[in-house]
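Student: Structure: protein_15.json, JSON, C-alpha atoms.
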[["chain", "number", "residue", "atom", "x", "y", "z"],
["Q", 527, "MET", "CA", 74.48, 30.78, 124.75],
["Q", 528, "THR", "CA", 77.43, 33.03, 124.91],
["Q", 529, "ALA", "CA", 77.21, 36.44, 123.36],
["Q", 530, "THR", "CA", 79.78, 37.10, 120.70],
["Q", 531, "ALA", "CA", 81.31, 40.53, 120.56],
["Q", 532, "MET", "CA", 80.56, 42.40, 117.38],
["Q", 533, "PRO", "CA", 83.66, 43.60, 115.56],
["Q", 534, "THR", "CA", 84.07, 47.32, 115.89],
["Q", 535, "SER", "CA", 85.70, 49.62, 113.35],
["Q", 536, "PRO", "CA", 88.64, 51.62, 114.54],
["Q", 537, "ALA", "CA", 87.79, 55.09, 115.75],
["Q", 538, "PRO", "CA", 88.68, 57.89, 113.36],
["Q", 539, "PRO", "CA", 91.69, 59.90, 114.36],
["Q", 540, "ALA", "CA", 91.02, 63.06, 116.31],
["Q", 541, "PRO", "CA", 91.29, 66.39, 114.50],
["Q", 542, "THR", "CA", 94.26, 67.28, 116.66],
["Q", 543, "ALA", "CA", 96.09, 64.15, 115.54],
["Q", 544, "LEU", "CA", 95.26, 64.89, 111.91],
["Q", 545, "CYS", "CA", 96.57, 68.45, 112.20],
["Q", 546, "ALA", "CA", 99.69, 67.22, 113.94],
["Q", 547, "GLY", "CA", 100.30, 64.68, 111.18],
["Q", 548, "VAL", "CA", 99.85, 67.25, 108.44],
["Q", 549, "THR", "CA", 102.14, 69.69, 110.23],
["Q", 550, "CYS", "CA", 104.85, 67.07, 110.73],
["Q", 551, "GLY", "CA", 104.61, 66.06, 107.08],
["Q", 552, "ALA", "CA", 104.92, 69.66, 105.99],
["Q", 553, "LEU", "CA", 107.92, 70.22, 108.25],
["Q", 554, "ARG", "CA", 109.63, 67.08, 106.95],
["Q", 555, "GLN", "CA", 109.02, 68.17, 103.38],
["Q", 556, "LEU", "CA", 110.24, 71.65, 104.27],
["Q", 557, "GLY", "CA", 113.53, 70.19, 105.40],
["Q", 558, "ARG", "CA", 113.89, 68.25, 102.13],
["Q", 559, "GLN", "CA", 113.56, 71.32, 99.93],
["Q", 560, "PRO", "CA", 116.96, 72.58, 98.69],
["Q", 561, "ARG", "CA", 115.30, 75.84, 97.66],
["Q", 562, "VAL", "CA", 114.26, 76.48, 101.24],
["Q", 563, "TRP", "CA", 117.79, 75.94, 102.51],
["Q", 564, "VAL", "CA", 119.43, 78.08, 99.82],
["Q", 565, "GLY", "CA", 116.85, 80.85, 99.88],
["Q", 566, "GLY", "CA", 116.60, 80.83, 103.66],
["Q", 567, "SER", "CA", 120.38, 81.01, 104.03],
["Q", 568, "ILE", "CA", 120.57, 84.04, 101.72],
["Q", 569, "LEU", "CA", 117.77, 85.81, 103.56],
["Q", 570, "LEU", "CA", 119.28, 84.94, 106.95],
["Q", 571, "VAL", "CA", 122.62, 86.43, 105.93],
["Q", 572, "MET", "CA", 120.97, 89.60, 104.63],
["Q", 573, "LEU", "CA", 118.83, 89.89, 107.75],
["Q", 574, "SER", "CA", 121.87, 89.46, 109.98],
["Q", 575, "LEU", "CA", 123.72, 92.15, 108.07],
["Q", 576, "ALA", "CA", 120.76, 94.51, 108.40],
["Q", 577, "VAL", "CA", 120.22, 93.92, 112.11],
["Q", 578, "PHE", "CA", 123.88, 94.00, 113.15],
["Q", 579, "ALA", "CA", 125.03, 96.63, 110.66],
["Q", 580, "PRO", "CA", 126.58, 98.97, 113.29],
["Q", 581, "TRP", "CA", 128.81, 96.15, 114.54],
["Q", 582, "MET", "CA", 129.56, 94.40, 111.22],
["Q", 583, "ALA", "CA", 130.28, 97.43, 109.01],
["Q", 584, "PRO", "CA", 133.99, 98.35, 109.14],
["Q", 585, "HIS", "CA", 133.28, 102.08, 108.61],
["Q", 586, "ASP", "CA", 130.55, 104.66, 108.81],
["Q", 587, "PRO", "CA", 128.68, 104.49, 105.46],
["Q", 588, "LEU", "CA", 128.73, 108.30, 105.15],
["Q", 589, "GLU", "CA", 132.36, 108.78, 106.19],
["Q", 590, "GLN", "CA", 134.43, 110.24, 103.35],
["Q", 591, "ASP", "CA", 138.16, 109.59, 102.97],
["Q", 592, "LEU", "CA", 139.47, 111.73, 100.12],
["Q", 593, "LEU", "CA", 142.88, 110.05, 100.37],
["Q", 594, "HIS", "CA", 141.35, 106.70, 99.38],
["Q", 595, "MET", "CA", 139.00, 107.62, 96.55],
["Q", 596, "LEU", "CA", 138.20, 104.71, 94.19],
["Q", 597, "THR", "CA", 140.44, 102.30, 96.09],
["Q", 598, "PRO", "CA", 140.05, 98.83, 94.52],
["Q", 599, "PRO", "CA", 139.07, 95.75, 96.57],
["Q", 600, "MET", "CA", 141.73, 94.41, 98.91],
["Q", 601, "TRP", "CA", 142.62, 91.43, 96.65],
["Q", 602, "ALA", "CA", 143.28, 93.69, 93.65],
["Q", 603, "SER", "CA", 146.44, 95.61, 92.92],
["Q", 604, "GLY", "CA", 146.48, 98.77, 95.00],
["Q", 605, "GLY", "CA", 143.81, 97.51, 97.37],
["Q", 606, "ASP", "CA", 143.64, 98.23, 101.07],
["Q", 607, "ALA", "CA", 142.61, 95.72, 103.76],
["Q", 608, "ALA", "CA", 140.80, 98.53, 105.59],
["Q", 609, "PHE", "CA", 138.33, 98.66, 102.68],
["Q", 610, "PRO", "CA", 137.61, 95.00, 101.75],
["Q", 611, "LEU", "CA", 135.39, 95.85, 98.76],
["Q", 612, "GLY", "CA", 137.05, 99.14, 97.89],
["Q", 613, "THR", "CA", 135.72, 102.70, 98.03],
["Q", 614, "ASP", "CA", 133.59, 104.92, 95.81],
["Q", 615, "GLY", "CA", 134.33, 108.29, 94.25],
["Q", 616, "LEU", "CA", 134.09, 110.06, 97.62],
["Q", 617, "GLY", "CA", 136.23, 107.57, 99.51],
["Q", 618, "ARG", "CA", 133.29, 105.88, 101.25],
["Q", 619, "CYS", "CA", 133.58, 102.18, 102.12],
["Q", 620, "VAL", "CA", 131.56, 100.15, 99.61],
["Q", 621, "LEU", "CA", 131.14, 97.20, 102.01],
["Q", 622, "SER", "CA", 129.80, 99.42, 104.78],
["Q", 623, "ARG", "CA", 127.35, 101.10, 102.43],
["Q", 624, "ALA", "CA", 126.15, 97.73, 101.11],
["Q", 625, "ILE", "CA", 125.57, 96.45, 104.66],
["Q", 626, "TYR", "CA", 123.60, 99.52, 105.70],
["Q", 627, "GLY", "CA", 121.67, 99.44, 102.42],
["Q", 628, "ALA", "CA", 120.28, 96.03, 103.40],
["Q", 629, "ARG", "CA", 118.39, 97.73, 106.25],
["Q", 630, "VAL", "CA", 116.25, 99.87, 103.98],
["Q", 631, "ALA", "CA", 115.80, 97.11, 101.38],
["Q", 632, "LEU", "CA", 114.57, 94.48, 103.85],
["Q", 633, "THR", "CA", 112.40, 96.93, 105.76],
["Q", 634, "VAL", "CA", 110.60, 97.98, 102.59],
["Q", 635, "ALA", "CA", 110.43, 94.38, 101.35],
["Q", 636, "VAL", "CA", 108.85, 92.88, 104.46],
["Q", 637, "VAL", "CA", 106.51, 95.69, 105.48],
["Q", 638, "ALA", "CA", 105.35, 96.58, 101.96],
["Q", 639, "ALA", "CA", 104.79, 92.94, 100.99],
["Q", 640, "LEU", "CA", 102.87, 92.32, 104.23],
["Q", 641, "GLY", "CA", 100.68, 95.36, 103.69],
["Q", 642, "SER", "CA", 99.98, 94.43, 100.07],
["Q", 643, "MET", "CA", 99.14, 90.87, 101.10],
["Q", 644, "LEU", "CA", 96.74, 91.91, 103.87],
["Q", 645, "LEU", "CA", 94.89, 94.45, 101.75],
["Q", 646, "GLY", "CA", 94.76, 92.42, 98.54],
["Q", 647, "SER", "CA", 93.98, 89.09, 100.21],
["Q", 648, "THR", "CA", 91.17, 90.54, 102.33],
["Q", 649, "LEU", "CA", 89.43, 92.00, 99.28],
["Q", 650, "ALA", "CA", 90.07, 88.78, 97.35],
["Q", 651, "MET", "CA", 88.47, 86.68, 100.10],
["Q", 652, "LEU", "CA", 85.41, 88.92, 100.23],
["Q", 653, "GLY", "CA", 84.94, 89.08, 96.47],
["Q", 654, "GLY", "CA", 85.68, 85.44, 95.74],
["Q", 655, "TYR", "CA", 83.59, 84.09, 98.62],
["Q", 656, "PHE", "CA", 80.45, 86.22, 98.33],
["Q", 657, "GLY", "CA", 80.52, 86.77, 94.57],
["Q", 658, "GLY", "CA", 77.74, 88.76, 92.97],
["Q", 659, "VAL", "CA", 77.74, 92.51, 93.45],
["Q", 660, "VAL", "CA", 80.65, 92.39, 95.92],
["Q", 661, "ASP", "CA", 82.85, 90.51, 93.49],
["Q", 662, "ARG", "CA", 81.92, 92.73, 90.55],
["Q", 663, "GLY", "CA", 82.61, 95.90, 92.53],
["Q", 664, "ILE", "CA", 86.03, 94.72, 93.74],
["Q", 665, "SER", "CA", 86.95, 93.43, 90.27],
["Q", 666, "TYR", "CA", 86.02, 96.79, 88.75],
["Q", 667, "VAL", "CA", 88.27, 98.64, 91.21],
["Q", 668, "VAL", "CA", 91.12, 96.21, 90.48],
["Q", 669, "ASP", "CA", 90.77, 96.64, 86.71],
["Q", 670, "LEU", "CA", 90.64, 100.41, 87.07],
["Q", 671, "TRP", "CA", 93.69, 100.48, 89.36],
["Q", 672, "MET", "CA", 95.70, 98.18, 87.12],
["Q", 673, "SER", "CA", 95.06, 100.39, 84.10],
["Q", 674, "PHE", "CA", 97.68, 102.80, 85.45],
["Q", 675, "PRO", "CA", 101.33, 101.82, 84.76],
["Q", 676, "PRO", "CA", 102.84, 100.76, 88.11],
["Q", 677, "VAL", "CA", 106.03, 102.82, 87.77],
["Q", 678, "VAL", "CA", 104.14, 105.96, 86.77],
["Q", 679, "LEU", "CA", 101.65, 105.47, 89.61],
["Q", 680, "SER", "CA", 104.51, 105.03, 92.11],
["Q", 681, "LEU", "CA", 106.19, 108.21, 90.90],
["Q", 682, "ILE", "CA", 102.93, 110.17, 91.17],
["Q", 683, "LEU", "CA", 102.32, 108.91, 94.70],
["Q", 684, "LEU", "CA", 105.85, 109.71, 95.86],
["Q", 685, "VAL", "CA", 105.77, 113.18, 94.32],
["Q", 686, "GLY", "CA", 102.62, 113.85, 96.31],
["Q", 687, "LEU", "CA", 103.64, 112.06, 99.51],
["Q", 688, "GLY", "CA", 107.30, 113.12, 99.65],
["Q", 689, "THR", "CA", 110.43, 111.10, 100.41],
["Q", 690, "GLY", "CA", 110.95, 108.64, 103.23],
["Q", 691, "VAL", "CA", 110.90, 104.91, 103.89],
["Q", 692, "ASP", "CA", 107.30, 105.05, 105.12],
["Q", 693, "LYS", "CA", 106.25, 106.85, 101.94],
["Q", 694, "VAL", "CA", 107.94, 104.22, 99.78],
["Q", 695, "ILE", "CA", 106.20, 101.44, 101.70],
["Q", 696, "LEU", "CA", 102.83, 103.14, 101.31],
["Q", 697, "ALA", "CA", 103.40, 103.66, 97.58],
["Q", 698, "VAL", "CA", 104.30, 99.97, 97.05],
["Q", 699, "VAL", "CA", 101.23, 98.83, 99.01],
["Q", 700, "LEU", "CA", 98.90, 101.11, 97.06],
["Q", 701, "VAL", "CA", 100.32, 99.91, 93.75],
["Q", 702, "ASP", "CA", 100.80, 96.18, 94.27],
["Q", 703, "TRP", "CA", 97.77, 95.10, 96.32],
["Q", 704, "THR", "CA", 95.98, 94.33, 93.05],
["Q", 705, "ARG", "CA", 98.41, 91.49, 92.31],
["Q", 706, "PHE", "CA", 97.32, 89.64, 95.46],
["Q", 707, "CYS", "CA", 93.66, 90.45, 94.94],
["Q", 708, "ARG", "CA", 93.41, 89.15, 91.37],
["Q", 709, "VAL", "CA", 95.40, 85.93, 91.84],
["Q", 710, "ILE", "CA", 93.99, 84.90, 95.22],
["Q", 711, "ARG", "CA", 90.42, 85.71, 94.14],
["Q", 712, "ALA", "CA", 90.69, 83.05, 91.42],
["Q", 713, "ASP", "CA", 91.79, 80.48, 94.01],
["Q", 714, "VAL", "CA", 88.98, 81.47, 96.39],
["Q", 715, "LEU", "CA", 86.40, 81.06, 93.61],
["Q", 716, "VAL", "CA", 87.52, 77.44, 93.17],
["Q", 717, "THR", "CA", 87.83, 76.70, 96.89],
["Q", 718, "ARG", "CA", 84.37, 77.97, 97.87],
["Q", 719, "ARG", "CA", 82.80, 75.28, 95.66],
["Q", 720, "ARG", "CA", 84.57, 72.45, 97.48],
["Q", 721, "ASP", "CA", 82.41, 69.92, 99.30],
["Q", 722, "TYR", "CA", 83.92, 70.65, 102.70],
["Q", 723, "VAL", "CA", 83.11, 74.35, 102.36],
["Q", 724, "LEU", "CA", 79.52, 73.55, 101.43],
["Q", 725, "ALA", "CA", 79.33, 71.11, 104.33],
["Q", 726, "ALA", "CA", 80.57, 73.79, 106.73],
["Q", 727, "ARG", "CA", 77.77, 76.09, 105.64],
["Q", 728, "LEU", "CA", 75.20, 73.28, 106.06],
["Q", 729, "LEU", "CA", 76.47, 72.70, 109.58],
["Q", 730, "GLY", "CA", 75.69, 76.28, 110.46],
["Q", 731, "PHE", "CA", 79.12, 77.88, 110.25],
["Q", 732, "SER", "CA", 79.00, 81.64, 109.87],
["Q", 733, "HIS", "CA", 80.48, 83.26, 106.78],
["Q", 734, "LEU", "CA", 83.44, 84.60, 108.77],
["Q", 735, "ARG", "CA", 84.15, 81.22, 110.36],
["Q", 736, "THR", "CA", 83.90, 79.47, 107.01],
["Q", 737, "MET", "CA", 86.29, 81.89, 105.36],
["Q", 738, "LEU", "CA", 88.85, 81.71, 108.18],
["Q", 739, "ARG", "CA", 88.72, 77.97, 108.90],
["Q", 740, "GLU", "CA", 87.86, 76.42, 105.53],
["Q", 741, "VAL", "CA", 88.81, 78.80, 102.71],
["Q", 742, "LEU", "CA", 91.84, 80.62, 104.10],
["Q", 743, "PRO", "CA", 94.01, 77.50, 104.80],
["Q", 744, "ALA", "CA", 93.55, 76.40, 101.19],
["Q", 745, "VAL", "CA", 94.93, 79.67, 99.77],
["Q", 746, "VAL", "CA", 97.75, 80.21, 102.31],
["Q", 747, "PRO", "CA", 100.39, 78.43, 100.15],
["Q", 748, "LEU", "CA", 99.59, 80.72, 97.23],
["Q", 749, "MET", "CA", 99.70, 83.75, 99.54],
["Q", 750, "ILE", "CA", 103.18, 82.75, 100.74],
["Q", 751, "THR", "CA", 104.44, 82.44, 97.19],
["Q", 752, "LEU", "CA", 103.01, 85.82, 96.23],
["Q", 753, "PHE", "CA", 104.44, 87.31, 99.42],
["Q", 754, "SER", "CA", 107.96, 86.16, 98.57],
["Q", 755, "ILE", "CA", 107.62, 87.43, 94.99],
["Q", 756, "GLU", "CA", 106.33, 90.76, 96.27],
["Q", 757, "MET", "CA", 109.33, 91.07, 98.58],
["Q", 758, "GLY", "CA", 111.62, 90.85, 95.56],
["Q", 759, "ILE", "CA", 109.50, 93.33, 93.63],
["Q", 760, "ALA", "CA", 109.53, 95.77, 96.56],
["Q", 761, "ILE", "CA", 113.34, 95.59, 96.73],
["Q", 762, "VAL", "CA", 113.63, 96.40, 93.02],
["Q", 763, "VAL", "CA", 111.06, 99.21, 93.27],
["Q", 764, "GLU", "CA", 112.84, 100.78, 96.23],
["Q", 765, "ALA", "CA", 116.18, 100.59, 94.44],
["Q", 766, "THR", "CA", 114.64, 102.19, 91.34],
["Q", 767, "LEU", "CA", 113.06, 105.02, 93.31],
["Q", 768, "SER", "CA", 116.21, 105.69, 95.33],
["Q", 769, "PHE", "CA", 118.23, 105.62, 92.09],
["Q", 770, "ILE", "CA", 116.26, 108.60, 90.80],
["Q", 771, "GLY", "CA", 116.23, 110.31, 94.21],
["Q", 772, "LEU", "CA", 112.58, 109.77, 95.20],
["Q", 773, "SER", "CA", 112.99, 107.15, 97.91],
["Q", 774, "VAL", "CA", 114.82, 108.29, 101.04],
["Q", 775, "PRO", "CA", 116.83, 111.35, 102.12],
["Q", 776, "ALA", "CA", 120.42, 111.63, 100.96],
["Q", 777, "GLN", "CA", 121.82, 110.77, 104.39],
["Q", 778, "VAL", "CA", 120.22, 107.30, 104.30],
["Q", 779, "THR", "CA", 122.26, 104.69, 102.45],
["Q", 780, "THR", "CA", 120.44, 102.46, 99.95],
["Q", 781, "TRP", "CA", 121.50, 100.16, 97.14],
["Q", 782, "GLY", "CA", 119.79, 102.40, 94.62],
["Q", 783, "GLN", "CA", 121.79, 105.41, 95.80],
["Q", 784, "MET", "CA", 124.96, 103.38, 95.44],
["Q", 785, "LEU", "CA", 124.03, 102.65, 91.82],
["Q", 786, "ALA", "CA", 123.32, 106.32, 91.18],
["Q", 787, "ASP", "CA", 126.66, 107.37, 92.68],
["Q", 788, "ALA", "CA", 128.51, 104.73, 90.64],
["Q", 789, "ARG", "CA", 127.35, 105.97, 87.23],
["Q", 790, "THR", "CA", 130.27, 108.37, 86.76],
["Q", 791, "ASP", "CA", 132.92, 105.86, 87.86],
["Q", 792, "MET", "CA", 131.59, 102.59, 86.43],
["Q", 793, "GLN", "CA", 134.17, 102.53, 83.62],
["Q", 794, "SER", "CA", 137.23, 102.86, 85.85],
["Q", 795, "ALA", "CA", 135.84, 101.33, 89.07],
["Q", 796, "ALA", "CA", 133.40, 98.56, 88.19],
["Q", 797, "TRP", "CA", 133.25, 97.24, 91.77],
["Q", 798, "VAL", "CA", 131.33, 100.34, 92.89],
["Q", 799, "MET", "CA", 128.37, 99.24, 90.74],
["Q", 800, "LEU", "CA", 128.80, 95.46, 90.90],
["Q", 801, "VAL", "CA", 128.43, 95.28, 94.69],
["Q", 802, "PRO", "CA", 124.92, 96.81, 94.96],
["Q", 803, "VAL", "CA", 123.80, 94.93, 91.84],
["Q", 804, "ALA", "CA", 124.96, 91.65, 93.40],
["Q", 805, "CYS", "CA", 123.16, 92.50, 96.65],
["Q", 806, "ILE", "CA", 119.88, 93.15, 94.83],
["Q", 807, "ILE", "CA", 120.12, 90.00, 92.71],
["Q", 808, "LEU", "CA", 121.02, 87.75, 95.64],
["Q", 809, "THR", "CA", 118.27, 89.08, 97.88],
["Q", 810, "VAL", "CA", 115.57, 88.79, 95.21],
["Q", 811, "LEU", "CA", 116.80, 85.27, 94.36],
["Q", 812, "GLY", "CA", 116.67, 84.29, 98.03],
["Q", 813, "CYS", "CA", 113.09, 85.55, 98.35],
["Q", 814, "ASN", "CA", 111.92, 83.62, 95.29],
["Q", 815, "LEU", "CA", 113.67, 80.37, 96.23],
["Q", 816, "PHE", "CA", 112.42, 80.45, 99.81],
["Q", 817, "GLY", "CA", 108.83, 81.19, 98.78],
["Q", 818, "ASP", "CA", 108.76, 78.41, 96.18],
["Q", 819, "GLY", "CA", 110.14, 75.88, 98.63],
["Q", 820, "VAL", "CA", 107.68, 76.80, 101.38],
["Q", 821, "ARG", "CA", 104.76, 76.56, 99.00],
["Q", 822, "VAL", "CA", 105.75, 73.06, 97.93],
["Q", 823, "ALA", "CA", 105.96, 72.04, 101.59],
["Q", 824, "LEU", "CA", 102.57, 73.52, 102.53],
["Q", 825, "ASP", "CA", 100.55, 72.65, 99.43],
["Q", 826, "PRO", "CA", 99.48, 68.96, 99.58],
["Q", 827, "ARG", "CA", 99.10, 68.77, 95.79],
["Q", 828, "LEU", "CA", 102.62, 70.00, 95.10],
["Q", 829, "ARG", "CA", 103.99, 67.92, 97.96],
["Q", 830, "LEU", "CA", 102.56, 64.73, 96.49],
["Q", 831, "ARG", "CA", 104.13, 65.49, 93.11],
["Q", 832, "SER", "CA", 107.58, 65.99, 94.62],
["Q", 833, "GLU", "CA", 107.48, 62.80, 96.68]]
Will you turn the file into structure tokens for me?
Tutor:
Amino acid sequence: MTATAMPTSPAPPAPTALCAGVTCGALRQLGRQPRVWVGGSILLVMLSLAVFAPWMAPHDPLEQDLLHMLTPPMWASGGDAAFPLGTDGLGRCVLSRAIYGARVALTVAVVAALGSMLLGSTLAMLGGYFGGVVDRGISYVVDLWMSFPPVVLSLILLVGLGTGVDKVILAVVLVDWTRFCRVIRADVLVTRRRDYVLAARLLGFSHLRTMLREVLPAVVPLMITLFSIEMGIAIVVEATLSFIGLSVPAQVTTWGQMLADARTDMQSAAWVMLVPVACIILTVLGCNLFGDGVRVALDPRLRLRSE
């Protein structure tokens, strides 16, 4: 008698192959998202302007030319090619000031959003995962902190801390960490009840390993979306604070300072105000579009809907 070979089922794919397949699918979907391309292009342009400002700006942003006060843009009647977007009431180049203003805006946006995300997400993971007394204590602090109006709280912090980019970043982090904590906590509460999280605990995974390897990847897409939204909020907050003179010293150029300087000349020289407004709107739009597109690419549920 000849022994017949028993049919064998194919071996399951290795975890490395699964991760590689998910990553490739996410990257392919990332390339198909028009929002990623549009938002990423806007942010890349703004980042390039901020990094290479000394070489791209045609003039010193603080240099005053009293012979060219309120010069219109170069395509308008009376414009000068030396000042492509015109000058303000003190003869300063509007284009140069807008380019240098991107430095402060993007610095505050990235660092403040990152700090808010780290602080809020850490507390959200602890409260949502452990629940009980830990969750109630963190939720109480969040509710108490959110009872203060954000703008008023920012003003109080800056009055006590003083002016400076680092002070603005600290104020934004201390005000906006609650947004990450409240939203991500709700997602963690749902994720911790998933079967694979319970299975990880049954297999002997520690709490830290379970949170980092099982819970955190599930909430990363939401964190990216909140991070991009927070970048836009930080840009608006910095412009508001610099508009009222509580952000940075006078010798540092910001978009909010440009708006404050343009108040007296906005009737006769609209370009002085339109340029910083356009910079703020475009940058915030780029942050929101890029974050939405990345979330769709990384979240399997949203990716399946779009396919």
Student: Report as CSV: every residue of stretch 729-767 of chain Q with an atom at most 12 Å from stretch 778-791 of chain Q, its closest pair of atoms, and their distance in Å to one decimal, counting all atoms listed in the file, with rows sorted by chain and ascending residue number.
Tutor:
residue,atom,partner,partner_atom,distance
Q:Ile761,CA,Q:Trp781,CA,9.4
Q:Val762,CA,Q:Gly782,CA,8.7
Q:Val763,CA,Q:Gly782,CA,9.4
Q:Glu764,CA,Q:Gly782,CA,7.3
Q:Ala765,CA,Q:Gly782,CA,4.0
Q:Thr766,CA,Q:Gly782,CA,6.1
Q:Leu767,CA,Q:Gly782,CA,7.3
Student: In Å, how far is it from atom CA of Q:Ser642 to atom CA of Q:Met757?
Tutor: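 Straight-line distance from atom CA of Q:Ser642 to atom CA of Q:Met757 works out to 10.0 Å.
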Student: Could you check how far atom CA of Q:Gly812 sits from atom CA of Q:Val564, in Å to one decimal?
Tutor: 7.0 Å
Student: In Å, rounded to a single decimal, give me how far atom CA of Q:Leu748 is from atom CA of Q:Leu632.
Tutor: 21.4 Å
Student: What's the 12 Å shell around Q:Ala607, counting all atoms listed in the file, without same-chain residues fewer than 6 positions away, as a list in words?
Tutor: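 So, after excluding close chain neighbours, the residues are Pro584, His594, Thr597, Pro598, Pro599, Met600, Trp601, Thr613, Cys619 and Leu621 of chain Q.
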Student: Using only C-alpha atoms, find the one residue out of Q:Met799, Q:Val667, Q:Val698, Q:Leu645 that sits nearest to Q:Ile682.
Tutor: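 Among Q:Met799, Q:Val667, Q:Val698, Q:Leu645, it is Q:Val698 that comes nearest to Q:Ile682.
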Student: Restricting the calculation to only C-alpha atoms: of Q:Val709, Q:Gly605, Q:Arg558, Q:Ala726, which residue gets closest to Q:Trp797?
Tutor: Q:Gly605
Student: Just checking: using all atoms listed in the file, which residue out of Q:Ile759, Q:Val562, Q:Leu800, Q:Cys707 ends up closest to Q:Ala624?
Tutor: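 Of the candidates, the smallest distance to Q:Ala624 is held by Q:Leu800.
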Student: I'd like to know which of Q:Ala579, Q:Val691, Q:Leu592, Q:Ala638 is closest to Q:Ile625, using all atoms listed in the file.
Tutor: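 Result for the nearest residue to Q:Ile625: Q:Ala579.
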